[in-house]
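Structure file upload_29.txt (compact mmCIF, C-alpha atoms and all ligand atoms) is printed below.
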# COMPACT_ATOMS: atom_id res chain seq x y z
CA MET W 1265 99.04 66.89 125.50
CA SER W 1266 97.20 70.06 126.09
CA TRP W 1267 97.13 72.17 122.99
CA SER W 1268 96.46 75.47 124.79
CA GLY W 1269 98.63 77.04 127.43
CA GLU W 1270 102.34 76.45 128.00
CA GLY W 1271 103.99 74.24 125.43
CA ARG W 1272 101.37 75.14 122.86
CA LEU W 1273 102.15 73.93 119.40
CA HIS W 1274 103.26 76.82 117.28
CA GLU W 1275 103.60 76.88 113.55
CA THR W 1276 105.05 79.60 111.38
CA ALA W 1277 103.76 79.27 107.86
CA ALA W 1278 104.84 81.64 105.16
CA VAL W 1279 101.82 82.13 102.97
CA GLY W 1280 102.31 83.29 99.44
CA ALA W 1281 103.81 82.27 96.18
CA ALA W 1282 107.31 83.36 97.13
CA ALA W 1283 107.15 81.55 100.42
CA GLY W 1284 106.48 78.00 99.29
CA PRO W 1285 103.45 75.86 100.08
CA ALA W 1286 101.46 76.59 103.21
CA ARG W 1287 101.53 73.87 105.84
CA ALA W 1288 98.73 72.39 107.91
CA ALA W 1289 98.90 73.19 111.62
CA GLY W 1290 100.47 70.34 113.50
CA ASP W 1291 101.26 68.30 110.43
CA GLY W 1292 104.84 68.13 111.55
CA THR W 1293 106.19 69.96 108.53
CA GLY W 1294 106.18 73.48 109.96
CA THR W 1295 109.60 74.93 110.57
CA GLY W 1296 108.73 76.44 113.93
CA ALA W 1297 112.03 78.24 113.41
CA ARG W 1298 111.01 81.32 115.30
CA ASN W 1299 109.40 79.40 118.17
CA PRO W 1300 110.97 76.05 118.89
CA LEU W 1301 108.21 74.92 121.26
CA PRO W 1302 107.42 71.25 121.85
CA ARG W 1303 105.37 69.84 118.99
CA SER W 1304 103.94 66.53 120.05
CA GLY W 1305 100.38 65.74 119.02
CA ARG W 1306 98.09 67.17 116.39
CA PRO W 1307 95.71 69.94 117.37
CA GLU W 1308 92.81 68.38 115.48
CA GLU W 1309 93.14 65.25 117.62
CA THR W 1310 93.02 67.09 120.93
CA PRO W 1311 89.57 66.98 122.56
CA PRO W 1312 88.10 70.42 123.24
CA ARG W 1313 88.73 71.74 126.73
CA PRO W 1314 85.74 73.59 128.14
CA GLY W 1315 86.36 77.28 128.67
CA ARG W 1316 84.16 79.91 130.20
CA PHE W 1317 82.55 80.67 126.86
CA SER W 1318 82.86 77.33 125.09
CA GLY W 1319 79.78 76.18 123.23
CA PRO W 1320 78.44 72.67 123.90
CA THR W 1321 79.40 71.54 120.41
CA GLY W 1322 83.07 72.00 121.19
CA ASN W 1323 83.21 74.42 118.26
CA ARG W 1324 86.22 76.64 118.76
CA LEU W 1325 86.62 80.28 118.14
CA THR W 1326 89.36 81.53 115.80
CA VAL W 1327 91.08 84.85 116.47
CA LEU W 1328 93.08 86.80 113.88
CA SER W 1329 95.51 89.42 115.17
CA GLY W 1330 98.55 91.26 113.89
CA PRO W 1331 100.04 94.72 113.62
CA SER W 1332 98.12 97.58 112.08
CA GLY W 1333 98.69 97.62 108.31
CA VAL W 1334 99.55 93.92 107.97
CA GLY W 1335 96.36 93.24 106.04
CA LYS W 1336 93.84 91.91 108.58
CA SER W 1337 90.89 93.92 107.22
CA THR W 1338 91.82 92.96 103.66
CA VAL W 1339 91.88 89.28 104.60
CA VAL W 1340 88.57 89.61 106.43
CA ALA W 1341 86.97 91.39 103.45
CA GLU W 1342 88.21 88.64 101.13
CA LEU W 1343 86.84 85.96 103.46
CA ARG W 1344 83.50 87.77 103.57
CA ARG W 1345 83.42 87.69 99.77
CA THR W 1346 84.66 84.14 99.18
CA HIS W 1347 83.61 82.24 102.32
CA PRO W 1348 80.18 83.36 103.47
CA GLU W 1349 79.94 80.21 105.61
CA VAL W 1350 82.38 81.82 108.06
CA TRP W 1351 80.77 84.23 110.48
CA LEU W 1352 82.85 87.33 111.10
CA SER W 1353 82.20 89.12 114.36
CA VAL W 1354 81.40 92.82 113.98
CA SER W 1355 83.09 94.80 116.75
CA VAL W 1356 81.91 97.99 118.36
CA THR W 1357 84.32 100.90 118.21
CA THR W 1358 84.55 104.52 119.21
CA ARG W 1359 86.74 105.16 116.14
CA LYS W 1360 85.21 107.28 113.39
CA PRO W 1361 84.35 105.44 110.16
CA ARG W 1362 86.90 105.62 107.34
CA PRO W 1363 85.69 106.45 103.86
CA GLY W 1364 84.02 103.33 102.48
CA GLU W 1365 83.23 101.82 105.87
CA THR W 1366 79.57 101.13 106.65
CA ASP W 1367 78.04 101.00 110.11
CA GLY W 1368 77.20 97.39 110.93
CA VAL W 1369 79.54 95.94 108.29
CA GLU W 1370 83.16 96.64 109.30
CA TYR W 1371 82.16 97.92 112.76
CA HIS W 1372 79.28 99.16 114.81
CA PHE W 1373 80.37 102.76 115.28
CA VAL W 1374 79.34 104.04 118.73
CA ASP W 1375 80.13 107.01 120.95
CA GLY W 1376 82.04 106.77 124.23
CA GLU W 1377 78.86 106.79 126.28
CA GLU W 1378 77.40 103.78 124.48
CA PHE W 1379 80.73 101.96 124.76
CA ASP W 1380 80.74 102.63 128.55
CA ARG W 1381 77.22 101.21 128.73
CA LEU W 1382 78.20 98.01 126.91
CA VAL W 1383 81.20 97.50 129.21
CA ALA W 1384 79.15 98.15 132.36
CA ALA W 1385 76.41 95.78 131.19
CA GLY W 1386 78.98 93.01 130.62
CA GLU W 1387 77.94 92.73 126.99
CA LEU W 1388 81.49 92.55 125.60
CA LEU W 1389 83.46 89.31 125.40
CA GLU W 1390 86.62 91.43 125.46
CA TRP W 1391 87.56 95.02 124.80
CA ALA W 1392 90.67 97.15 124.53
CA GLU W 1393 91.89 100.64 123.85
CA PHE W 1394 94.02 100.88 120.71
CA ALA W 1395 95.72 104.03 119.41
CA GLY W 1396 93.27 106.32 121.20
CA ASN W 1397 90.04 104.48 120.38
CA ARG W 1398 88.16 101.67 122.08
CA TYR W 1399 87.16 98.41 120.41
CA GLY W 1400 85.14 95.48 121.74
CA THR W 1401 83.50 92.21 120.72
CA PRO W 1402 79.78 91.86 121.50
CA ALA W 1403 79.60 88.53 123.36
CA ALA W 1404 76.07 87.32 122.58
CA PRO W 1405 76.38 86.95 118.78
CA VAL W 1406 79.69 85.08 119.15
CA LEU W 1407 78.29 82.66 121.71
CA GLU W 1408 75.20 82.06 119.57
CA ARG W 1409 77.31 81.18 116.52
CA LEU W 1410 79.62 78.89 118.49
CA GLU W 1411 76.63 77.14 120.00
CA ALA W 1412 75.16 76.64 116.53
CA GLY W 1413 78.45 75.19 115.25
CA VAL W 1414 79.13 78.08 112.88
CA PRO W 1415 82.83 78.74 112.17
CA THR W 1416 83.46 82.04 113.89
CA LEU W 1417 86.31 84.51 113.43
CA LEU W 1418 87.31 87.56 115.47
CA GLU W 1419 89.73 90.14 114.08
CA ILE W 1420 91.03 91.86 117.20
CA ASP W 1421 94.20 93.32 118.70
CA LEU W 1422 96.77 91.64 120.95
CA GLN W 1423 95.14 92.75 124.21
CA GLY W 1424 91.84 91.33 123.02
CA ALA W 1425 93.48 88.09 121.90
CA ARG W 1426 94.97 87.70 125.38
CA GLN W 1427 91.55 88.20 126.98
CA VAL W 1428 90.03 85.61 124.66
CA ARG W 1429 92.82 83.18 125.54
CA LYS W 1430 91.83 83.53 129.22
CA ALA W 1431 88.08 83.36 128.70
CA MET W 1432 88.13 80.62 126.05
CA PRO W 1433 91.30 78.55 126.35
CA ASP W 1434 90.31 76.48 123.32
CA ALA W 1435 90.32 79.42 120.94
CA LEU W 1436 92.78 79.20 118.05
CA LEU W 1437 94.96 82.31 118.00
CA VAL W 1438 96.36 83.15 114.57
CA PHE W 1439 98.99 85.84 114.11
CA LEU W 1440 99.15 87.61 110.76
CA ALA W 1441 102.72 88.79 110.13
CA PRO W 1442 104.12 91.01 107.38
CA PRO W 1443 106.85 89.67 105.07
CA SER W 1444 109.13 92.32 106.65
CA TRP W 1445 108.94 95.43 108.82
CA GLU W 1446 109.57 97.61 105.75
CA VAL W 1447 106.60 96.07 103.97
CA LEU W 1448 104.43 96.72 107.02
CA GLU W 1449 105.40 100.42 107.08
CA ALA W 1450 104.81 100.69 103.35
CA ARG W 1451 101.37 99.08 103.61
CA LEU W 1452 100.30 101.28 106.50
CA ARG W 1453 101.47 104.46 104.76
CA GLY W 1454 100.22 103.25 101.38
CA ARG W 1455 96.71 102.76 102.78
CA GLY W 1456 96.57 106.51 103.16
CA THR W 1457 93.85 106.50 105.82
CA GLU W 1458 95.75 108.02 108.75
CA PRO W 1459 97.82 111.15 109.30
CA GLU W 1460 101.53 110.66 110.05
CA ASP W 1461 101.19 111.00 113.85
CA VAL W 1462 98.57 108.23 113.92
CA ILE W 1463 100.75 106.08 111.66
CA GLU W 1464 103.64 106.54 114.10
CA ARG W 1465 101.43 105.47 117.02
CA ARG W 1466 100.26 102.42 115.12
CA LEU W 1467 103.82 101.48 114.17
CA ALA W 1468 104.91 101.81 117.82
CA GLN W 1469 102.03 99.55 118.81
CA GLY W 1470 102.96 97.27 115.90
CA ARG W 1471 106.40 96.64 117.39
CA ILE W 1472 104.74 95.48 120.61
CA GLU W 1473 102.36 93.25 118.66
CA MET W 1474 105.22 91.74 116.62
CA ALA W 1475 107.09 90.86 119.83
CA ALA W 1476 104.05 88.92 121.05
CA GLU W 1477 103.96 86.57 118.07
CA PRO W 1478 105.17 83.55 120.13
CA GLU W 1479 101.98 83.75 122.21
CA PHE W 1480 99.96 82.70 119.18
CA ASP W 1481 99.24 79.16 118.00
CA VAL W 1482 99.91 79.78 114.34
CA THR W 1483 101.64 82.50 112.32
CA LEU W 1484 100.64 83.21 108.73
CA ILE W 1485 102.80 85.59 106.72
CA ASN W 1486 100.65 87.83 104.56
CA THR W 1487 102.33 87.69 101.20
CA SER W 1488 99.17 86.67 99.34
CA VAL W 1489 95.73 87.56 100.68
CA GLN W 1490 94.10 84.64 98.86
CA GLU W 1491 96.52 82.13 100.31
CA VAL W 1492 96.14 83.49 103.83
CA CYS W 1493 92.37 83.07 103.41
CA GLU W 1494 92.75 79.49 102.24
CA ARG W 1495 95.01 78.64 105.16
CA LEU W 1496 92.62 80.23 107.63
CA ILE W 1497 89.75 78.26 106.16
CA ASP W 1498 91.79 75.06 106.39
CA LEU W 1499 92.57 75.76 110.03
CA MET W 1500 88.94 76.52 110.85
CA ARG W 1501 87.76 73.43 108.96
CA VAL W 1502 90.06 71.18 110.96
CA ARG W 1503 88.96 72.71 114.22
CA SER W 1504 85.22 73.02 113.79
CA GLY W 1505 84.51 70.03 111.59
CA VAL W 1506 83.21 72.22 108.73
CA ARG W 1507 83.34 70.57 105.31
N1 LIG W 1601 90.47 94.07 121.35
C1 LIG W 1601 89.83 94.35 120.22
N2 LIG W 1601 90.50 94.85 119.18
C2 LIG W 1601 89.82 95.09 118.05
C3 LIG W 1601 88.44 94.86 117.92
N3 LIG W 1601 88.06 95.21 116.68
C4 LIG W 1601 89.16 95.63 116.04
N4 LIG W 1601 90.23 95.56 116.87
C5 LIG W 1601 91.62 95.89 116.59
O1 LIG W 1601 91.81 97.28 116.71
C6 LIG W 1601 92.95 97.64 115.95
C7 LIG W 1601 92.65 98.88 115.13
O2 LIG W 1601 91.65 98.60 114.19
P1 LIG W 1601 91.31 99.64 113.05
O3 LIG W 1601 91.09 100.99 113.65
O4 LIG W 1601 90.19 99.10 112.23
O5 LIG W 1601 92.65 99.77 112.24
P2 LIG W 1601 93.48 98.79 111.30
O6 LIG W 1601 93.65 97.49 111.97
O7 LIG W 1601 94.76 99.51 111.11
O8 LIG W 1601 92.69 98.67 110.03
C8 LIG W 1601 93.29 96.42 115.09
O9 LIG W 1601 94.39 95.76 115.70
C9 LIG W 1601 92.06 95.57 115.19
O10 LIG W 1601 92.36 94.18 115.07
C10 LIG W 1601 87.75 94.32 119.06
O11 LIG W 1601 86.56 94.07 119.06
N5 LIG W 1601 88.49 94.10 120.16
N1 LIG W 1602 99.06 90.56 100.74
C1 LIG W 1602 99.09 91.88 100.48
N2 LIG W 1602 99.90 92.36 99.52
C2 LIG W 1602 99.94 93.68 99.26
N3 LIG W 1602 99.20 94.63 99.90
C3 LIG W 1602 98.39 94.20 100.87
C4 LIG W 1602 98.27 92.82 101.22
N4 LIG W 1602 97.37 92.70 102.22
C5 LIG W 1602 96.93 93.96 102.50
N5 LIG W 1602 97.54 94.87 101.68
C6 LIG W 1602 97.35 96.32 101.70
O1 LIG W 1602 97.96 96.82 102.89
C7 LIG W 1602 97.22 97.92 103.41
C8 LIG W 1602 96.84 97.62 104.86
O2 LIG W 1602 95.91 96.54 104.86
P1 LIG W 1602 94.70 96.48 105.92
O3 LIG W 1602 93.87 95.30 105.56
O4 LIG W 1602 94.02 97.81 106.01
O5 LIG W 1602 95.53 96.20 107.27
P2 LIG W 1602 95.05 96.06 108.78
O6 LIG W 1602 93.58 95.81 108.79
O7 LIG W 1602 95.84 94.90 109.31
O8 LIG W 1602 95.43 97.34 109.44
C9 LIG W 1602 96.02 98.11 102.51
O9 LIG W 1602 96.29 99.16 101.62
C10 LIG W 1602 95.90 96.78 101.76
O10 LIG W 1602 95.35 96.94 100.48
Would you mind writing the file out in structure tokens?
Ligand SMILES: Nc1nc2c(ncn2[C@@H]2O[C@H](COP(=O)(O)OP(=O)(O)O)[C@@H](O)[C@H]2O)c(=O)[nH]1
Ligand SMILES: Nc1ncnc2c1ncn2[C@@H]1O[C@H](COP(=O)(O)OP(=O)(O)O)[C@@H](O)[C@H]1O
Amino acid sequence: MSWSGEGRLHETAAVGAAAGPARAAGDGTGTGARNPLPRSGRPEETPPRPGRFSGPTGNRLTVLSGPSGVGKSTVVAELRRTHPEVWLSVSVTTRKPRPGETDGVEYHFVDGEEFDRLVAAGELLEWAEFAGNRYGTPAAPVLERLEAGVPTLLEIDLQGARQVRKAMPDALLVFLAPPSWEVLEARLRGRGTEPEDVIERRLAQGRIEMAAEPEFDVTLINTSVQEVCERLIDLMRVRSGVR
């Protein structure tokens, strides 16, 4: 079967001590309760399908998305610390840096003019506007890593994930979900980095993102950051042959 596209295997794995053991994608033990899609075949046994941006090694890109405040940046920071073998794409954004963010680490912070230039020059693999700012993935570094067989992760929004799905049908799309909506609100407010009106915009966008969960291949529930990281690494290992 084809792993991408309609009938894509979908797994919902609660990750965290309270949620029981995490399950391997396609190992037949996932509940799939929220998305009862057909589940024949194991993704790791499906040969790579060439996409517009696929590298010759068949190495597949992994995309992490989820609503604002769910913990994506925290997971990425933990991966950066504990799994330096994974290459994390650094996006360009027109958003202003938050306290503690460093240009070139979390993002390349650019002005609107530079962002326009990158779009016009076709240098972005995908880009989207999110809560009043623009964000995009520089294509060249991603393609270089995929070509070299390096496990590669993008942390991007839903619109970006959809663009990646079109451009690279083999990409693994992982949805990071909160344990509950209340927890998501509490995390976003607790982070204390945005004023209330921005929080409201992000929560509104978050409802849209949550509704799109069935479009993703795998859902991980962010109860424990460490366990989400381990599951992500497992998924990437299966897909890119990393040991
Ligand atoms: N499409 C797209 N979205 C991105 C990119 N980089 C970051 N994002 C997303 O933009 C949204 C806002 O990011 P950010 O301002 O850092 O806020 P946070 O997610 O609440 O920490 C998040 O959903 C990110 O995943 C990118 O290169 N492309
Ligand atoms: N598993 C978790 N348990 C408790 N708090 C978490 C967890 N993951 C992230 N957080 C906290 O939630 C807030 C939002 O996380 P963040 O990584 O900024 O989210 P995102 O990048 O998805 O917007 C932060 O204050 C972070 O410390």
Could you give me the centre and size, in Å to one decimal, of an axis-aligned box around all listed atoms of ligand LIG 1601 (chain W) with 4 Å added on every side, as JSON?
{"center_x": 90.7, "center_y": 97.5, "center_z": 115.7, "size_x": 16.2, "size_y": 14.9, "size_z": 19.3}
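Here atom CA of Tyr1371 of chain W stands at a distance of 13.8 Å from atom CA of Pro1405 of chain W.
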Can you tell me which residues sit at most 10 Å away from ligand LIG 1602 (chain W), counting all atoms listed in the file, written as JSON, numbers by chain? {"W": [1279, 1280, 1328, 1329, 1330, 1331, 1332, 1333, 1334, 1335, 1336, 1337, 1338, 1339, 1340, 1341, 1342, 1419, 1420, 1421, 1440, 1441, 1442, 1443, 1447, 1448, 1449, 1450, 1451, 1452, 1453, 1454, 1455, 1456, 1457, 1466, 1470, 1485, 1486, 1487, 1488, 1489, 1490, 1491, 1492]}
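Considering all atoms listed in the file, the residue among W:Gln1469, W:Thr1346, W:Thr1401, W:Thr1357 positioned nearest to ligand LIG 1601 (chain W) is W:Thr1401.
For the choices W:Val1356, W:Leu1422, W:Met1500, W:Leu1484, the atom-to-atom distance to Asp1380 of chain W is smallest for W:Val1356 when using all atoms listed in the file.
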For each of W:Arg1426, W:His1347, W:Arg1409, W:Arg1495, take the minimum atom-to-atom distance to ligand LIG 1601 (chain W), counting all atoms listed in the file, then give the residue where this is smallest. W:Arg1426
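Remark: for ligand LIG 1601 (chain W), the closest of the candidate residues W:Gly1424, W:Gly1368, W:Gly1376, W:Pro1478 is W:Gly1424 (distances computed over only C-alpha atoms and all ligand atoms).
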So that I can check the surroundings of Thr1358 of chain W, please list as a PyMOL selection string every protein, DNA and RNA residue that reaches within 9 Å of it, counting all atoms listed in the file and ignoring chain neighbours fewer than 5 positions away. chain W and resi 1372-1376+1378-1379+1397-1399
Quick one: write out the picked residues with C-alpha atoms as a JSON list (two decimals), in the frame of the given file?
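See part34.json below for the written result:
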[["chain", "number", "residue", "atom", "x", "y", "z"],
["W", 1372, "HIS", "CA", 79.28, 99.16, 114.81],
["W", 1373, "PHE", "CA", 80.37, 102.76, 115.28],
["W", 1374, "VAL", "CA", 79.34, 104.04, 118.73],
["W", 1375, "ASP", "CA", 80.13, 107.01, 120.95],
["W", 1376, "GLY", "CA", 82.04, 106.77, 124.23],
["W", 1378, "GLU", "CA", 77.40, 103.78, 124.48],
["W", 1379, "PHE", "CA", 80.73, 101.96, 124.76],
["W", 1397, "ASN", "CA", 90.04, 104.48, 120.38],
["W", 1398, "ARG", "CA", 88.16, 101.67, 122.08],
["W", 1399, "TYR", "CA", 87.16, 98.41, 120.41]]
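Minimum atom-to-atom distances from W:Glu1370, W:Lys1430, W:Pro1363, W:Ile1472 to Glu1390 of chain W were compared using all atoms listed in the file, and the lowest value belongs to W:Lys1430.
Here atom N2 of ligand LIG 1601 (chain W) is placed at a distance of 17.1 Å from atom CA of Ala1475 of chain W.
Taking atom CA of Glu1494 of chain W as the reference point, atom C3 of ligand LIG 1601 (chain W) is found at 22.4 Å.
Closest approach to ligand LIG 1601 (chain W) among W:Glu1479, W:Asp1498, W:Glu1393, W:Asp1367: W:Glu1393, based on only C-alpha atoms and all ligand atoms.
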Anything within 6 Å of (99.9, 82.1, 112.9): list those residues as a PDB file with C-alpha atoms, in the frame of the given file, counting only C-alpha atoms and sticking to the file's coordinates.
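Listed below is the output, point-v7.pdb:
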ATOM      1  CA  THR W1276     105.050  79.600 111.380  1.00  0.00           C
ATOM      2  CA  VAL W1438      96.360  83.150 114.570  1.00  0.00           C
ATOM      3  CA  PHE W1439      98.990  85.840 114.110  1.00  0.00           C
ATOM      4  CA  LEU W1440      99.150  87.610 110.760  1.00  0.00           C
ATOM      5  CA  ASP W1481      99.240  79.160 118.000  1.00  0.00           C
ATOM      6  CA  VAL W1482      99.910  79.780 114.340  1.00  0.00           C
ATOM      7  CA  THR W1483     101.640  82.500 112.320  1.00  0.00           C
ATOM      8  CA  LEU W1484     100.640  83.210 108.730  1.00  0.00           C
TER       9      LEU W1484
END
